[in-house]
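Novice: I'd like to ask you about the structure that follows.
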Amino acid sequence: MTAKHFLQLSDFERGELEYLFERTRWIKDRFKRYEAYQPLRDRTLAMVFEKASTRTRVSFEAGMNQLGGIAINLNRHDTQLSRGEPIEDLARVISRMVDVVMIRTFEQSIIERFAAHSRVPVINGLTNEYHPCQILADIYTYIEHRGSIEGKTVAWIGDSNNVCNTWLQAAAIFGFKFHVSTPPGYEVDPTFAGLRGGSHFRSFADPLAACRGAHLVTTDVWTSMGFEAENDERKRAFSDWMVDARMMAQAAPDALFMHCLPAHRGEEVAGEVIDGPQSVVWDEAENRLHAQKALLEYLVCGRVDRPDSR
């Protein structure tokens with residue numbers, strides 16, 4: 001059988017993602033009741049890191065252990081990649097020894113080449129272009145707090161990076177409006193996210209206007225990994241794009257604030273917002289664990305017969 005991969009959010013249909021949200025709720029509920037659930041006993045996850053990580057590393061390793069499996073952590077310098085081994089050869093070898101692979105790397109083409117030669121499912125833990133596991137957790141967090149995201153408005157303030165690209169895909173899949181405000185020169189390119197038109201996306205020069213009426217306001221660091229040389233330039237360009245109380249006041253009264261973390265208070269977000277009552281960033285971070293457990297279960301075991309089965 002051909003392995004099913006999760007390389008970008010649009011690899012899954014809406015029904016599959018909604019199924020994952022159901023499983024996330026059930027798995028998290030079991031976790032909170034301290035009830036063991038271990039469908040992946042004797043299964044192994046290989047985690048390949050070419051970029052630094054905190055939440056991705058901990059959530060995947062802890063999640064695999066909680067599901068009864070084993071997680072193996074491989075940094076670039078732990079493998080022959082550091083000596084020039086082709087990614088295709090690494091895929092052929094690793095996928096004969098483990099049951100699922102998570103990769104956090106640079107260009108999307110790297111993970112696509114690995115997946116093309118893998119016998120087992122491959123998960124995108126982050127690339128320069130996409131971050132599907134983050135948005136899986138983010139949308140679940142919204143549903144957990146406010147219900148369906150369909151028909152709602154999400155405002156993205158800041159850099160049009162991999163997280164922004166994945167939100168664009170999510171808007172097309174789930175039918176919500178996505179407002180984006182970036183400084184000049186950092187505008188989003190919908191075609192880069194694999195989109196071809198659609199009425200769900202709108203660009204704003206003014207971040208306050210982008211936030212107006214939004215049900216969720218979200219952002220990320222101004223300088224993503226790999227762009228550190230641009231840090232000073234970006235700080236100047238993005239100085240008016242800090243999510244603060246003024247922006248949140250433009251949003252709906254019950255709007256939520258999210259940030260994928262790590263955050264820089266006083267840069268892309270004010271401390272009063274990220275530490276304020278509308279912020280759900282800590283639930284959002286925890287939900288990486290539970291959403292990824294649902295994803296691992298689905299990729300390795302397929303659908304469970306009933307979403308509420310024990």
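Chain labels A, B, ... are given in the sequence in which chains occur in the structure tokens; within each chain residues are numbered consecutively from 1, and ligands are likewise numbered from 1 in the order shown.
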Neighbours of Lys293 in chain A within 9 Å (only C-alpha atoms; same-chain residues fewer than 2 positions away dropped), as a list in words?

Specialist: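 The contact residues come out as Arg23, Thr24, Ile27, Ser59, Phe60, Gly63, Met64, Gln66, Leu67, Arg288, Leu289, His290, Ala291, Leu295, Leu296, Glu297 and Tyr298 of chain A.
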
Novice: Skipping near chain neighbours, those fewer than 6 positions away, what residues fall within 9 Å of range 204-218 of chain A using only C-alpha atoms, listed as a compact mmCIF listing (two decimals) with C-alpha atoms, in the first residue's frame?

Specialist:
```txt
# COMPACT_ATOMS: atom_id res chain seq x y z
CA TYR A 142 -10.44 27.56 18.31
CA ILE A 149 -14.50 28.13 12.64
CA LYS A 152 -15.57 33.24 11.04
CA THR A 153 -12.78 35.76 10.38
CA VAL A 154 -9.12 35.16 11.24
CA ALA A 155 -6.70 38.10 11.18
CA TRP A 156 -3.02 37.45 10.56
CA ILE A 157 -0.72 40.33 11.50
CA GLY A 158 2.96 40.26 10.54
CA LYS A 177 -12.27 34.55 5.98
CA HIS A 179 -7.39 38.78 6.69
CA VAL A 180 -3.66 39.39 6.27
CA SER A 181 -1.73 42.56 7.02
CA THR A 182 2.00 42.74 6.38
CA PRO A 183 4.44 45.62 5.83
CA PRO A 184 5.15 46.63 2.22
CA ASP A 240 3.76 49.13 13.36
CA TRP A 241 2.65 45.49 13.20
CA MET A 242 2.83 44.59 16.90
CA VAL A 243 -0.46 43.07 18.06
CA ARG A 246 -5.59 48.73 20.06
CA MET A 247 -5.68 45.91 17.53
CA MET A 248 -7.54 43.53 19.84
CA ALA A 249 -10.09 46.29 20.50
CA GLN A 250 -10.90 46.29 16.77
CA ALA A 251 -11.65 42.57 16.85
CA ALA A 252 -14.91 40.97 17.98
CA PRO A 253 -15.53 41.31 21.74
CA ASP A 254 -14.95 37.60 22.31
CA ALA A 255 -12.00 37.33 19.91
CA LEU A 256 -9.15 34.99 20.79
CA PHE A 257 -5.42 35.65 20.41
CA MET A 258 -2.98 32.97 19.27
CA HIS A 259 0.76 32.77 18.70
CA CYS A 260 2.63 29.61 17.70
```

Novice: Could you name the residues that touch Ile87 in chain A at 12 Å or less, counting only C-alpha atoms, but leaving out those on the same chain fewer than 6 positions away, as a ChimeraX atom specification?

Specialist: /A:48,76,79-81,93-95,103,105,109-118

Novice: Could you turn the residues from that selection into a file that holds C-alpha atoms, as an mmCIF file, in the first residue's frame?

Specialist:
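Result saved to result-v7.cif:
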```
data_model
loop_
_atom_site.group_PDB
_atom_site.id
_atom_site.type_symbol
_atom_site.label_atom_id
_atom_site.label_comp_id
_atom_site.auth_asym_id
_atom_site.auth_seq_id
_atom_site.Cartn_x
_atom_site.Cartn_y
_atom_site.Cartn_z
ATOM 1 C CA VAL A 48 14.614 14.084 11.899
ATOM 2 C CA ARG A 76 21.348 16.370 11.151
ATOM 3 C CA THR A 79 23.082 11.099 10.541
ATOM 4 C CA GLN A 80 25.063 10.740 7.349
ATOM 5 C CA LEU A 81 23.160 13.746 5.967
ATOM 6 C CA VAL A 93 16.770 3.064 4.880
ATOM 7 C CA ILE A 94 14.857 4.706 7.743
ATOM 8 C CA SER A 95 11.448 3.740 6.378
ATOM 9 C CA ILE A 103 10.847 15.790 9.608
ATOM 10 C CA THR A 105 13.672 20.909 7.778
ATOM 11 C CA SER A 109 11.257 19.969 -1.600
ATOM 12 C CA ILE A 110 13.437 18.119 0.938
ATOM 13 C CA ILE A 111 10.505 16.528 2.722
ATOM 14 C CA GLU A 112 8.746 15.815 -0.569
ATOM 15 C CA ARG A 113 11.809 13.970 -1.853
ATOM 16 C CA PHE A 114 11.997 11.982 1.380
ATOM 17 C CA ALA A 115 8.295 11.088 1.225
ATOM 18 C CA ALA A 116 8.575 9.992 -2.403
ATOM 19 C CA HIS A 117 11.023 7.263 -1.331
ATOM 20 C CA SER A 118 9.504 6.335 2.033
#
```

Novice: Please extract the residues of range 160-232 of chain A with a backbone DSSP assignment of helix (DSSP H, G or I) and present them as a list in words.

Specialist: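 Answer for range 160-232 of chain A, restricted to helix (DSSP H, G or I): Asn162, Val163, Cys164, Asn165, Thr166, Trp167, Leu168, Gln169, Ala170, Ala171, Ala172, Ile173, Phe174, Pro190, Thr191, Phe192, Ala193, Pro207, Leu208, Ala209, Ala210, Cys211, Glu228, Ala229, Glu230, Asn231 and Asp232 of chain A.
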
Novice: For the residues selected in the previous step, produce a file with C-alpha atoms as a PDB file, in the first residue's frame.

Specialist:
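Output file out-v6.pdb is given in full below:
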```pdb
ATOM      1  CA  ASN A 162       5.031  29.243   6.624  1.00  0.00           C
ATOM      2  CA  VAL A 163       2.360  29.513   9.314  1.00  0.00           C
ATOM      3  CA  CYS A 164       0.538  32.200   7.336  1.00  0.00           C
ATOM      4  CA  ASN A 165       0.675  30.042   4.188  1.00  0.00           C
ATOM      5  CA  THR A 166      -0.896  27.155   6.064  1.00  0.00           C
ATOM      6  CA  TRP A 167      -3.650  29.379   7.490  1.00  0.00           C
ATOM      7  CA  LEU A 168      -4.427  30.312   3.873  1.00  0.00           C
ATOM      8  CA  GLN A 169      -4.925  26.646   3.036  1.00  0.00           C
ATOM      9  CA  ALA A 170      -7.079  26.199   6.144  1.00  0.00           C
ATOM     10  CA  ALA A 171      -9.350  29.082   5.135  1.00  0.00           C
ATOM     11  CA  ALA A 172     -10.009  27.443   1.782  1.00  0.00           C
ATOM     12  CA  ILE A 173     -10.678  24.060   3.403  1.00  0.00           C
ATOM     13  CA  PHE A 174     -12.901  25.188   6.298  1.00  0.00           C
ATOM     14  CA  PRO A 190      -1.692  33.034  -2.287  1.00  0.00           C
ATOM     15  CA  THR A 191      -0.309  30.973  -5.169  1.00  0.00           C
ATOM     16  CA  PHE A 192       2.711  30.107  -3.020  1.00  0.00           C
ATOM     17  CA  ALA A 193       0.318  28.325  -0.664  1.00  0.00           C
ATOM     18  CA  PRO A 207      -3.301  46.070  10.547  1.00  0.00           C
ATOM     19  CA  LEU A 208      -6.102  47.752  12.522  1.00  0.00           C
ATOM     20  CA  ALA A 209      -8.418  47.309   9.544  1.00  0.00           C
ATOM     21  CA  ALA A 210      -7.404  43.660   9.222  1.00  0.00           C
ATOM     22  CA  CYS A 211      -8.397  43.046  12.849  1.00  0.00           C
ATOM     23  CA  GLU A 228      18.344  35.984  11.013  1.00  0.00           C
ATOM     24  CA  ALA A 229      20.551  38.178   8.801  1.00  0.00           C
ATOM     25  CA  GLU A 230      17.465  40.329   8.125  1.00  0.00           C
ATOM     26  CA  ASN A 231      16.576  40.785  11.793  1.00  0.00           C
ATOM     27  CA  ASP A 232      17.437  44.485  12.162  1.00  0.00           C
TER      28      ASP A 232
END
```

Novice: By how many Å are CA of Ile274 in chain A and CA of Ala237 in chain A apart?

Specialist: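 Rounded to one decimal, the two atoms are 21.5 Å apart.
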
Novice: Smallest atom-to-atom distance to Thr54 in chain A: which of A:Ile70, A:Leu261, A:Ala245, A:Val98, using only C-alpha atoms?

Specialist: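 Selected residue with least distance to Thr54 in chain A: A:Leu261.
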